[in-house]
Each structure stands twice: as structure tokens, then as C-alpha cells.
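> Sharing start13.txt below, compact mmCIF, C-alpha atoms:
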```txt
# COMPACT_ATOMS: atom_id res chain seq x y z
CA MET A 26 -12.64 -10.47 19.65
CA ARG A 27 -15.69 -8.47 20.76
CA GLY A 28 -14.84 -4.82 21.13
CA TRP A 29 -12.47 -4.52 18.20
CA GLN A 30 -15.18 -2.63 16.33
CA ALA A 31 -14.78 0.34 18.67
CA LEU A 32 -11.03 0.54 18.01
CA PHE A 33 -11.65 0.07 14.30
CA TYR A 34 -14.18 2.91 14.32
CA LYS A 35 -11.77 5.11 16.26
CA GLU A 36 -9.03 4.47 13.68
CA ILE A 37 -11.42 5.28 10.82
CA LEU A 38 -12.36 8.57 12.50
CA ARG A 39 -8.69 9.35 13.12
CA PHE A 40 -7.82 9.64 9.43
CA TRP A 41 -11.25 10.81 8.27
CA LYS A 42 -11.18 13.86 10.56
CA VAL A 43 -8.23 15.13 8.53
CA GLY A 44 -9.48 13.76 5.22
CA PHE A 45 -8.00 16.56 3.15
CA GLN A 46 -4.53 15.53 4.33
CA THR A 47 -5.00 11.76 4.40
CA VAL A 48 -7.25 11.22 1.35
CA ALA A 49 -7.41 14.31 -0.85
CA ALA A 50 -3.67 15.11 -0.78
CA PRO A 51 -2.57 11.66 -2.11
CA VAL A 52 -5.18 11.95 -4.88
CA ILE A 53 -3.77 15.33 -5.95
CA THR A 54 -0.23 13.91 -5.88
CA ALA A 55 -1.24 11.00 -8.12
CA ILE A 56 -2.88 13.39 -10.58
CA LEU A 57 0.35 15.40 -10.79
CA TYR A 58 2.34 12.21 -11.46
CA LEU A 59 -0.08 11.21 -14.20
CA VAL A 60 -0.09 14.64 -15.86
CA ILE A 61 3.69 15.01 -15.82
CA PHE A 62 4.77 11.48 -16.77
CA GLY A 63 1.86 10.93 -19.13
CA HIS A 64 2.52 14.16 -20.98
CA VAL A 65 6.29 13.61 -21.26
CA LEU A 66 6.34 9.88 -22.12
CA GLU A 67 3.02 9.29 -23.90
CA ASP A 68 4.55 9.25 -27.41
CA ARG A 69 7.91 7.80 -26.38
CA VAL A 70 7.05 4.65 -24.42
CA GLN A 71 5.01 1.70 -25.68
CA VAL A 72 4.43 -1.05 -23.13
CA TYR A 73 1.52 -3.27 -24.21
CA ASP A 74 -0.02 -3.47 -27.67
CA SER A 75 -3.07 -1.19 -28.07
CA VAL A 76 -2.51 0.25 -24.58
CA SER A 77 -1.33 3.84 -24.31
CA TYR A 78 1.33 4.77 -21.80
CA THR A 79 -1.10 6.96 -19.84
CA ALA A 80 -3.56 4.05 -19.56
CA PHE A 81 -0.69 1.77 -18.47
CA LEU A 82 0.40 4.31 -15.87
CA LEU A 83 -3.00 4.83 -14.27
CA PRO A 84 -3.40 1.40 -12.49
CA GLY A 85 0.18 1.65 -11.22
CA LEU A 86 -0.51 5.04 -9.64
CA VAL A 87 -3.74 3.76 -8.11
CA MET A 88 -2.02 0.77 -6.52
CA MET A 89 0.97 2.85 -5.40
CA SER A 90 -1.41 5.20 -3.61
CA VAL A 91 -3.20 2.27 -1.98
CA LEU A 92 0.03 0.75 -0.67
CA GLN A 93 1.62 3.95 0.59
CA ASN A 94 -1.48 5.14 2.40
CA ALA A 95 -2.24 1.76 3.96
CA PHE A 96 1.27 1.72 5.39
CA ALA A 97 1.05 5.33 6.56
CA ASN A 98 -2.24 4.75 8.36
CA SER A 99 -1.21 2.00 10.77
CA SER A 100 2.38 3.18 11.25
CA SER A 101 1.51 6.81 11.96
CA SER A 102 -1.32 5.85 14.31
CA MET A 103 0.89 3.59 16.39
CA VAL A 104 3.81 6.01 16.56
CA GLN A 105 1.53 8.93 17.36
CA SER A 106 -0.05 6.99 20.23
CA LYS A 107 3.37 6.10 21.62
CA VAL A 108 4.75 9.63 21.34
CA MET A 109 1.67 11.32 22.81
CA GLY A 110 1.38 8.75 25.58
CA ASN A 111 -2.25 7.80 24.99
CA LEU A 112 -1.35 4.22 24.08
CA VAL A 113 -1.55 3.36 27.78
CA PHE A 114 -5.31 3.91 27.75
CA LEU A 115 -5.68 1.39 24.96
CA MET A 116 -3.55 -1.11 26.86
CA LEU A 117 -5.93 -0.89 29.83
CA THR A 118 -8.74 -2.33 27.73
CA PRO A 119 -9.39 -6.10 27.61
CA LEU A 120 -8.82 -6.18 23.85
CA SER A 121 -6.72 -9.08 22.62
CA HIS A 122 -3.76 -8.76 20.28
CA ARG A 123 -5.96 -10.15 17.50
CA ALA A 124 -8.46 -7.34 18.05
CA TRP A 125 -5.66 -4.76 17.83
CA PHE A 126 -4.45 -6.35 14.61
CA CYS A 127 -7.90 -6.45 13.00
CA ALA A 128 -8.64 -2.83 13.93
CA TYR A 129 -5.32 -1.35 12.78
CA VAL A 130 -5.01 -3.39 9.60
CA GLY A 131 -8.70 -3.12 8.80
CA SER A 132 -8.64 0.68 9.04
CA SER A 133 -5.51 0.72 6.87
CA VAL A 134 -7.34 -1.28 4.20
CA VAL A 135 -10.24 1.17 4.33
CA ARG A 136 -7.96 4.18 3.94
CA GLY A 137 -5.94 2.56 1.17
CA LEU A 138 -9.05 1.62 -0.79
CA ALA A 139 -10.58 5.06 -0.25
CA VAL A 140 -7.49 6.77 -1.62
CA GLY A 141 -7.22 4.28 -4.50
CA ALA A 142 -10.86 4.82 -5.46
CA GLY A 143 -10.31 8.58 -5.32
CA VAL A 144 -7.27 8.36 -7.59
CA LEU A 145 -9.11 6.10 -10.04
CA LEU A 146 -12.12 8.40 -10.25
CA ALA A 147 -10.03 11.57 -10.52
CA THR A 148 -7.78 10.23 -13.28
CA TRP A 149 -10.21 8.03 -15.22
CA TRP A 150 -10.99 10.65 -17.84
CA PHE A 151 -7.29 10.99 -18.70
CA ALA A 152 -7.11 7.50 -20.26
CA GLN A 153 -10.22 5.42 -19.39
CA PRO A 154 -8.43 2.05 -19.22
CA SER A 155 -10.44 -1.13 -19.74
CA LEU A 156 -11.46 -3.30 -16.80
CA VAL A 157 -11.00 -6.86 -18.03
CA ALA A 158 -11.06 -8.70 -14.70
CA PRO A 159 -12.44 -6.52 -11.87
CA LEU A 160 -12.21 -9.37 -9.35
CA TRP A 161 -8.42 -9.45 -9.77
CA VAL A 162 -8.35 -5.68 -9.21
CA LEU A 163 -10.31 -5.99 -5.97
CA VAL A 164 -8.34 -8.99 -4.68
CA PHE A 165 -4.92 -7.41 -5.20
CA ALA A 166 -6.08 -4.07 -3.83
CA ILE A 167 -7.31 -5.68 -0.60
CA LEU A 168 -4.32 -8.02 -0.21
CA GLY A 169 -1.84 -5.23 -0.94
CA ALA A 170 -3.50 -2.82 1.48
CA ALA A 171 -3.65 -5.50 4.20
CA LEU A 172 0.01 -6.42 3.66
CA LEU A 173 1.18 -2.82 3.91
CA GLY A 174 -1.14 -2.19 6.84
CA ALA A 175 0.43 -5.10 8.73
CA LEU A 176 3.90 -3.94 7.73
CA GLY A 177 3.06 -0.43 8.93
CA LEU A 178 1.93 -1.87 12.25
CA ILE A 179 5.30 -3.61 12.64
CA ALA A 180 7.12 -0.39 11.76
CA GLY A 181 5.00 1.56 14.23
CA LEU A 182 5.79 -0.90 17.01
CA TRP A 183 9.50 -0.71 16.21
CA ALA A 184 9.77 3.08 15.93
CA ASP A 185 9.92 5.20 19.08
CA LYS A 186 9.64 8.57 17.34
CA PHE A 187 8.62 10.07 14.03
CA ASP A 188 12.23 10.37 12.82
CA GLN A 189 12.65 6.61 12.93
CA MET A 190 9.39 6.14 11.07
CA ALA A 191 10.53 8.59 8.39
CA VAL A 192 13.68 6.51 7.87
CA PHE A 193 11.61 3.36 7.43
CA GLN A 194 9.27 5.03 4.96
CA ASN A 195 11.85 7.00 2.96
CA PHE A 196 14.50 4.28 2.65
CA ILE A 197 12.36 1.13 2.40
CA ILE A 198 8.75 1.75 1.40
CA MET A 199 9.29 4.60 -1.05
CA PRO A 200 12.17 3.01 -3.05
CA MET A 201 10.45 -0.39 -3.23
CA THR A 202 7.27 1.29 -4.45
CA PHE A 203 8.94 3.38 -7.15
CA LEU A 204 11.07 0.44 -8.33
CA SER A 205 8.13 -1.94 -8.65
CA GLY A 206 7.08 -1.12 -12.21
CA VAL A 207 4.66 1.71 -11.53
CA PHE A 208 6.14 3.89 -14.30
CA TYR A 209 7.57 1.20 -16.58
CA SER A 210 7.42 -2.47 -17.56
CA ILE A 211 10.27 -4.56 -16.21
CA HIS A 212 10.70 -6.07 -19.70
CA SER A 213 12.23 -2.74 -20.72
CA LEU A 214 15.01 -3.20 -18.14
CA PRO A 215 18.40 -4.90 -18.66
CA GLU A 216 18.48 -8.54 -17.63
CA PHE A 217 20.21 -7.90 -14.27
CA TRP A 218 17.72 -5.28 -13.12
CA ARG A 219 14.86 -7.39 -14.40
CA GLN A 220 15.93 -10.21 -12.10
CA VAL A 221 16.34 -7.76 -9.22
CA SER A 222 12.79 -6.50 -9.81
CA HIS A 223 11.48 -10.04 -9.32
CA LEU A 224 12.83 -9.91 -5.76
CA ASN A 225 10.63 -6.90 -4.98
CA PRO A 226 7.26 -8.00 -3.51
CA PHE A 227 5.73 -4.66 -4.45
CA PHE A 228 6.21 -5.59 -8.11
CA TYR A 229 3.84 -8.56 -7.81
CA MET A 230 1.15 -6.47 -6.11
CA ILE A 231 1.20 -3.82 -8.83
CA ASP A 232 1.61 -6.28 -11.71
CA GLY A 233 -1.30 -8.41 -10.53
CA PHE A 234 -3.44 -5.32 -10.00
CA ARG A 235 -2.63 -4.07 -13.50
CA TYR A 236 -3.57 -7.47 -14.94
CA GLY A 237 -7.15 -6.87 -13.82
CA PHE A 238 -7.33 -3.83 -16.10
CA PHE A 239 -5.67 -5.09 -19.28
CA GLY A 240 -5.63 -8.89 -19.04
CA VAL A 241 -1.85 -8.86 -19.65
CA SER A 242 1.02 -8.57 -17.19
CA ASP A 243 4.77 -9.00 -16.88
CA THR A 244 4.35 -12.22 -14.91
CA SER A 245 1.60 -14.75 -14.16
CA PRO A 246 -1.17 -13.27 -11.98
CA TRP A 247 -1.46 -16.60 -10.18
CA LEU A 248 2.20 -16.44 -9.23
CA SER A 249 1.69 -12.87 -8.04
CA LEU A 250 -1.34 -13.95 -6.00
CA LEU A 251 0.62 -16.79 -4.41
CA LEU A 252 3.57 -14.59 -3.49
CA VAL A 253 1.48 -11.69 -2.22
CA GLY A 254 -0.73 -14.03 -0.19
CA GLY A 255 2.33 -15.76 1.28
CA ALA A 256 3.93 -12.43 2.16
CA LEU A 257 0.71 -11.30 3.85
CA LEU A 258 0.60 -14.44 5.98
CA CYS A 259 4.24 -14.03 7.05
CA VAL A 260 3.99 -10.32 7.86
CA SER A 261 0.67 -10.82 9.68
CA ALA A 262 2.13 -13.64 11.78
CA LEU A 263 5.05 -11.40 12.78
CA ALA A 264 2.76 -8.47 13.61
CA LEU A 265 0.52 -10.70 15.74
CA HIS A 266 3.56 -12.09 17.57
CA LEU A 267 4.87 -8.61 18.36
CA LEU A 268 1.46 -7.50 19.61
CA ARG A 269 1.06 -10.62 21.73
CA THR A 270 4.45 -10.15 23.38
CA GLY A 271 3.96 -6.39 23.81
CA TYR A 272 7.07 -5.49 21.83
CA LYS A 273 8.12 -1.93 22.77
CA ILE A 274 4.72 -1.11 24.25
CA ARG A 275 4.80 -3.01 27.54
CA HIS A 276 8.47 -2.85 28.41
```
In C-alpha cells, what does this structure look like?

Amino acid sequence: MRGWQALFYKEILRFWKVGFQTVAAPVITAILYLVIFGHVLEDRVQVYDSVSYTAFLLPGLVMMSVLQNAFANSSSSMVQSKVMGNLVFLMLTPLSHRAWFCAYVGSSVVRGLAVGAGVLLATWWFAQPSLVAPLWVLVFAILGAALLGALGLIAGLWADKFDQMAVFQNFIIMPMTFLSGVFYSIHSLPEFWRQVSHLNPFFYMIDGFRYGFFGVSDTSPWLSLLLVGGALLCVSALALHLLRTGYKIRH
């Protein structure tokens, strides 16, 4: 495992060198979402008692930004290395597949949390939501970022070019994120779509994260923690297996 720190540091520098694109741009996008949806729906949607719609929306946007950017970090790094051909230099090192996993997923967590903190700070004055259980906020932010970082690593190993990665992101990650309750409570949905929402793992990440702010949620935070933790273990095991066998990078 020694030596993974160098790869981790390299991955941190990779997204930090273009921080305006990788950190500032998602923060600006989240602000636009908050301004538009908060302004239009503030007086028309009531989700929780004594919680304004803008305050309800803010944690969802923070977590959405965390998830999307954690996925983008590991997936784009892997695909870029494969397309540009510099992945071979990394393969010449004695780093184990566990070191690769820790470096890629760890850097994804850092980027996701950096973007999430930026969104929270930039939008806090819009609503100033309460922070009932900060430990729940931190736990779900880290678990969600790690899960999407591992998933992004799998997607990066699978994709051979940026077009394939765009398909994965636009048709899987983006719809599951937007249909996870970021902009609404699932209790406002018809029964069929409410049950469908419970099949979306992104819903549990965002619902558990929102619980840390308000102390209320659409489902039990312990159930969300169990499901998110289980999903992280499964996705991590698959990512480690693909790295160990050299899927699409050695053959």
C-alpha cells in the first residue's frame, strides 16, 4: 500500500489545477438551480412543517453536487489516461490494485466534499437551514462521494473513449440524481412513482443527508445508512476486482 499517496496527490493536483472548471463551475450551477427553483416554487410547495422550500432544496443541491463531481473525478481521470496513453506509465509502477482504488476514490471524495462545501457556503445566506445532526451530514457526504467515486472508476475502466463516458453519465447518473428527491419529497408523488423512487439508491443518499439538516426525512436514516453502506461495499468490491484483473487496461 505504500506509494498510493503519490498517486492520490497527483489526482488531487489534476482537478485542482483547473479548479475553476472542476470546483467553481459546479458551485455556480447549483446557485442557478437554487435561485430559479427557489424563486418559482417557494410559495407553492410545502414539504416539511416550518421548513421553507428553499431551505429544503439547499441540502439536496449540495448532495447532488457532491455525487456528480465525485463520479466525474474518477471516471474522467481514468478515461483521459486511457485516451492519452499515459496510463501505461502508471501500470509500470509497483502499486497494487488496492493502492489504485484508494487514490482514485480518495481523490473523488476530496473533490466531492470540496464542491459540496463550496455550494453550502455560497447558498447558505439564501435560506440558512438548521443543522440538527452534523454527524449524519458528514457520514452521508463521505459515503455518497466514495460510492460515486468507485462507480466512476468502474465506468472509467469500461469506457474506451469520452463518448461512451458521456452515455454513462447522461443516461444513468444524471437521471438517477434528478429523480432522487433533490427538488421534491417523494411523498408528493403518486404511489407507483413513490415505490419506484425507493429503488433508486441515490434517493437514500440524499434523504439521509437531508436528515442531518432538519431531523426529518422521507425514510429512516438508519435504513438509508444500511443501504448506502451496502451499495458502497458491493461497488467497491467490483471496482477492486476489475482493477486486480486489469479489465480493459492490460488486454
> How many Å separate CA of Leu204 (chain A) from CA of Val43 (chain A)?
29.5 Å
> For Ala175 (chain A), list every protein, DNA or RNA residue within 7 Å, evaluated using all atoms listed in the file, and leave out those in the same chain fewer than 5 positions away; present the list as a list in words.
Val130, Val260, Ser261 and Ala264 of chain A
> Out of A:Phe203, A:Phe126, A:Phe217, A:Trp41, which residue has the shortest atom-to-atom distance to Ser90 (chain A) when counting all atoms listed in the file?
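Closest residue, counting all atoms listed in the file: A:Phe203.
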> For Leu265 (chain A), list every protein, DNA or RNA residue within 10 Å, evaluated using all atoms listed in the file, and leave out those in the same chain fewer than 4 positions away; present the list as a list in words.
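These residues fall inside the cut-off: His122, Arg123, Ala124, Trp125, Phe126, Cys127, Ala175, Leu178, Ile179, Val260, Ser261, Arg269, Thr270 and Gly271 of chain A.
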> Between A:Met89, A:Phe208, A:Val192, A:Leu120, which residue has the minimum interatomic distance to Glu67 (chain A), considering only C-alpha atoms?
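Going through A:Met89, A:Phe208, A:Val192, A:Leu120 one by one, the smallest distance to Glu67 (chain A) is for A:Phe208.
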> Using all atoms listed in the file, can you list as a list in words the residues within 6 Å of (9.9, 0.5, 9.9)?
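The requested residues, written out, are Ala180, Met190 and Phe193 of chain A.
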> What lies within 7 Å of Gly141 (chain A) using all atoms listed in the file, ignoring chain neighbours under 4 positions off, as a PyMOL selection string?
chain A and resi 87-88+90-91+137+145
> Using all atoms listed in the file, can you tell me which of A:Trp218, A:Phe165, A:Tyr129, A:Tyr78 comes closest to Ala31 (chain A)?
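Comparing A:Trp218, A:Phe165, A:Tyr129, A:Tyr78 against Ala31 (chain A), the winner is A:Tyr129.
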> What is the distance, in Å and to one decimal place, between CA of Gly240 (chain A) and CA of Ile53 (chain A)?
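Separation between CA of Gly240 (chain A) and CA of Ile53 (chain A): 27.6 Å.
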> Excluding same-chain residues fewer than 6 positions from Leu258 (chain A), what lies within 12 Å of it counting all atoms listed in the file, as a compact mmCIF listing (two decimals) with C-alpha atoms, keeping the file's coordinate frame?

```txt
# COMPACT_ATOMS: atom_id res chain seq x y z
CA LEU A 168 -4.32 -8.02 -0.21
CA GLY A 169 -1.84 -5.23 -0.94
CA ALA A 171 -3.65 -5.50 4.20
CA LEU A 172 0.01 -6.42 3.66
CA LEU A 173 1.18 -2.82 3.91
CA ALA A 175 0.43 -5.10 8.73
CA LEU A 176 3.90 -3.94 7.73
CA LEU A 251 0.62 -16.79 -4.41
CA LEU A 252 3.57 -14.59 -3.49
CA ALA A 264 2.76 -8.47 13.61
CA LEU A 265 0.52 -10.70 15.74
```
> May I have a table of the residues of region 182-276 of chain A lying at most 12 Å from region 153-164 of chain A, giving each one's closest pair of atoms and their distance in Å to one decimal, counting only C-alpha atoms, ordered by chain and ascending residue number, as a tab-separated table?

```
residue	atom	partner	partner_atom	distance
A:Met230	CA	A:Val164	CA	9.9
A:Ile231	CA	A:Val162	CA	9.7
A:Asp232	CA	A:Val162	CA	10.3
A:Gly233	CA	A:Trp161	CA	7.2
A:Phe234	CA	A:Val162	CA	5.0
A:Arg235	CA	A:Val162	CA	7.3
A:Tyr236	CA	A:Trp161	CA	7.4
A:Gly237	CA	A:Ala158	CA	4.4
A:Phe238	CA	A:Leu156	CA	4.2
A:Phe239	CA	A:Val157	CA	5.8
A:Gly240	CA	A:Val157	CA	5.8
A:Val241	CA	A:Val157	CA	9.5
A:Pro246	CA	A:Trp161	CA	8.5
A:Trp247	CA	A:Trp161	CA	10.0
A:Ser249	CA	A:Trp161	CA	10.8
A:Leu250	CA	A:Val164	CA	8.7
A:Leu251	CA	A:Val164	CA	11.9
A:Val253	CA	A:Val164	CA	10.5
A:Gly254	CA	A:Val164	CA	10.2
```
> Go ahead and write the residues just picked, C-alpha atoms, as a PDB file, keeping the file's coordinate frame.

```pdb
ATOM      1  CA  MET A 230       1.150  -6.470  -6.110  1.00  0.00           C
ATOM      2  CA  ILE A 231       1.200  -3.820  -8.830  1.00  0.00           C
ATOM      3  CA  ASP A 232       1.610  -6.280 -11.710  1.00  0.00           C
ATOM      4  CA  GLY A 233      -1.300  -8.410 -10.530  1.00  0.00           C
ATOM      5  CA  PHE A 234      -3.440  -5.320 -10.000  1.00  0.00           C
ATOM      6  CA  ARG A 235      -2.630  -4.070 -13.500  1.00  0.00           C
ATOM      7  CA  TYR A 236      -3.570  -7.470 -14.940  1.00  0.00           C
ATOM      8  CA  GLY A 237      -7.150  -6.870 -13.820  1.00  0.00           C
ATOM      9  CA  PHE A 238      -7.330  -3.830 -16.100  1.00  0.00           C
ATOM     10  CA  PHE A 239      -5.670  -5.090 -19.280  1.00  0.00           C
ATOM     11  CA  GLY A 240      -5.630  -8.890 -19.040  1.00  0.00           C
ATOM     12  CA  VAL A 241      -1.850  -8.860 -19.650  1.00  0.00           C
ATOM     13  CA  PRO A 246      -1.170 -13.270 -11.980  1.00  0.00           C
ATOM     14  CA  TRP A 247      -1.460 -16.600 -10.180  1.00  0.00           C
ATOM     15  CA  SER A 249       1.690 -12.870  -8.040  1.00  0.00           C
ATOM     16  CA  LEU A 250      -1.340 -13.950  -6.000  1.00  0.00           C
ATOM     17  CA  LEU A 251       0.620 -16.790  -4.410  1.00  0.00           C
ATOM     18  CA  VAL A 253       1.480 -11.690  -2.220  1.00  0.00           C
ATOM     19  CA  GLY A 254      -0.730 -14.030  -0.190  1.00  0.00           C
TER      20      GLY A 254
END
```
> A:Arg219, A:Lys107, A:His64, A:Arg136: which is nearest Gln46 (chain A), counting only C-alpha atoms?
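Comparing A:Arg219, A:Lys107, A:His64, A:Arg136 against Gln46 (chain A), the winner is A:Arg136.
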> Please, what distance in Å, to one decimal, runs between CA of Gln105 (chain A) and CA of Ile198 (chain A)?
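Distance between the two atoms: 18.9 Å.
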> Could you check the closest approach to Val104 (chain A) for each of A:Gly177, A:Pro215, A:Gly44, A:Gly255 and tell me which residue wins, using all atoms listed in the file?
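Checking each of A:Gly177, A:Pro215, A:Gly44, A:Gly255 against Val104 (chain A), counting all atoms listed in the file, the winner is A:Gly177.
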> Point out the residue among A:Val72, A:Leu83, A:Leu112, A:Ala170 with the least atom-to-atom distance to Trp150 (chain A), counting all atoms listed in the file.
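Smallest distance to Trp150 (chain A) is found for A:Leu83.
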> Give me, as an mmCIF file with C-alpha atoms, in the coordinates of the input, all polymer residues having an atom no more than 10 Å from Asn98 (chain A), counting all atoms listed in the file and skipping those fewer than 3 positions away in the same chain.

```cif
data_model
loop_
_atom_site.group_PDB
_atom_site.id
_atom_site.type_symbol
_atom_site.label_atom_id
_atom_site.label_comp_id
_atom_site.auth_asym_id
_atom_site.auth_seq_id
_atom_site.Cartn_x
_atom_site.Cartn_y
_atom_site.Cartn_z
ATOM 1 C CA GLU A 36 -9.030 4.470 13.680
ATOM 2 C CA ILE A 37 -11.420 5.280 10.820
ATOM 3 C CA ARG A 39 -8.690 9.350 13.120
ATOM 4 C CA PHE A 40 -7.820 9.640 9.430
ATOM 5 C CA THR A 47 -5.000 11.760 4.400
ATOM 6 C CA GLN A 93 1.620 3.950 0.590
ATOM 7 C CA ASN A 94 -1.480 5.140 2.400
ATOM 8 C CA ALA A 95 -2.240 1.760 3.960
ATOM 9 C CA SER A 101 1.510 6.810 11.960
ATOM 10 C CA SER A 102 -1.320 5.850 14.310
ATOM 11 C CA MET A 103 0.890 3.590 16.390
ATOM 12 C CA TYR A 129 -5.320 -1.350 12.780
ATOM 13 C CA VAL A 130 -5.010 -3.390 9.600
ATOM 14 C CA SER A 132 -8.640 0.680 9.040
ATOM 15 C CA SER A 133 -5.510 0.720 6.870
ATOM 16 C CA VAL A 134 -7.340 -1.280 4.200
ATOM 17 C CA VAL A 135 -10.240 1.170 4.330
ATOM 18 C CA ARG A 136 -7.960 4.180 3.940
ATOM 19 C CA GLY A 137 -5.940 2.560 1.170
ATOM 20 C CA LEU A 173 1.180 -2.820 3.910
ATOM 21 C CA GLY A 174 -1.140 -2.190 6.840
ATOM 22 C CA GLY A 177 3.060 -0.430 8.930
ATOM 23 C CA LEU A 178 1.930 -1.870 12.250
ATOM 24 C CA GLY A 181 5.000 1.560 14.230
#
```
> Some atoms are absent from region 169-178 of chain A, so rebuild all heavy atoms and return them as a short mmCIF file (atom, residue, chain, number, x, y, z; two decimals), in the coordinates of the input.

```cif
data_model
loop_
_atom_site.label_atom_id
_atom_site.label_comp_id
_atom_site.auth_asym_id
_atom_site.auth_seq_id
_atom_site.Cartn_x
_atom_site.Cartn_y
_atom_site.Cartn_z
N GLY A 169 -2.94 -6.19 -1.04
CA GLY A 169 -1.84 -5.23 -0.94
C GLY A 169 -2.02 -4.26 0.20
O GLY A 169 -1.07 -3.98 0.95
N ALA A 170 -3.24 -3.75 0.38
CA ALA A 170 -3.50 -2.82 1.48
C ALA A 170 -3.33 -3.51 2.83
O ALA A 170 -2.77 -2.93 3.77
CB ALA A 170 -4.90 -2.24 1.35
N ALA A 171 -3.80 -4.76 2.95
CA ALA A 171 -3.65 -5.50 4.20
C ALA A 171 -2.17 -5.78 4.50
O ALA A 171 -1.73 -5.66 5.65
CB ALA A 171 -4.43 -6.81 4.13
N LEU A 172 -1.41 -6.15 3.47
CA LEU A 172 0.01 -6.42 3.66
C LEU A 172 0.75 -5.18 4.14
O LEU A 172 1.53 -5.23 5.09
CB LEU A 172 0.61 -6.92 2.34
CG LEU A 172 2.12 -7.15 2.30
CD1 LEU A 172 2.57 -8.10 3.40
CD2 LEU A 172 2.56 -7.66 0.94
N LEU A 173 0.49 -4.04 3.50
CA LEU A 173 1.18 -2.82 3.91
C LEU A 173 0.65 -2.29 5.24
O LEU A 173 1.38 -1.67 6.01
CB LEU A 173 1.04 -1.76 2.83
CG LEU A 173 2.17 -1.70 1.79
CD1 LEU A 173 3.48 -1.24 2.44
CD2 LEU A 173 2.37 -3.07 1.14
N GLY A 174 -0.62 -2.55 5.54
CA GLY A 174 -1.14 -2.19 6.84
C GLY A 174 -0.47 -2.97 7.96
O GLY A 174 -0.10 -2.42 9.01
N ALA A 175 -0.27 -4.28 7.74
CA ALA A 175 0.43 -5.10 8.73
C ALA A 175 1.89 -4.69 8.85
O ALA A 175 2.45 -4.65 9.95
CB ALA A 175 0.31 -6.57 8.34
N LEU A 176 2.52 -4.39 7.70
CA LEU A 176 3.90 -3.94 7.73
C LEU A 176 4.03 -2.60 8.45
O LEU A 176 4.98 -2.35 9.20
CB LEU A 176 4.44 -3.82 6.31
CG LEU A 176 5.93 -3.54 6.14
CD1 LEU A 176 6.76 -4.65 6.78
CD2 LEU A 176 6.29 -3.39 4.67
N GLY A 177 3.05 -1.70 8.23
CA GLY A 177 3.06 -0.43 8.93
C GLY A 177 2.89 -0.60 10.42
O GLY A 177 3.47 0.15 11.22
N LEU A 178 2.10 -1.59 10.83
CA LEU A 178 1.93 -1.87 12.25
C LEU A 178 3.25 -2.33 12.87
O LEU A 178 3.61 -1.92 13.98
CB LEU A 178 0.86 -2.94 12.43
CG LEU A 178 0.45 -3.31 13.85
CD1 LEU A 178 -0.01 -2.08 14.63
CD2 LEU A 178 -0.64 -4.37 13.83
#
```
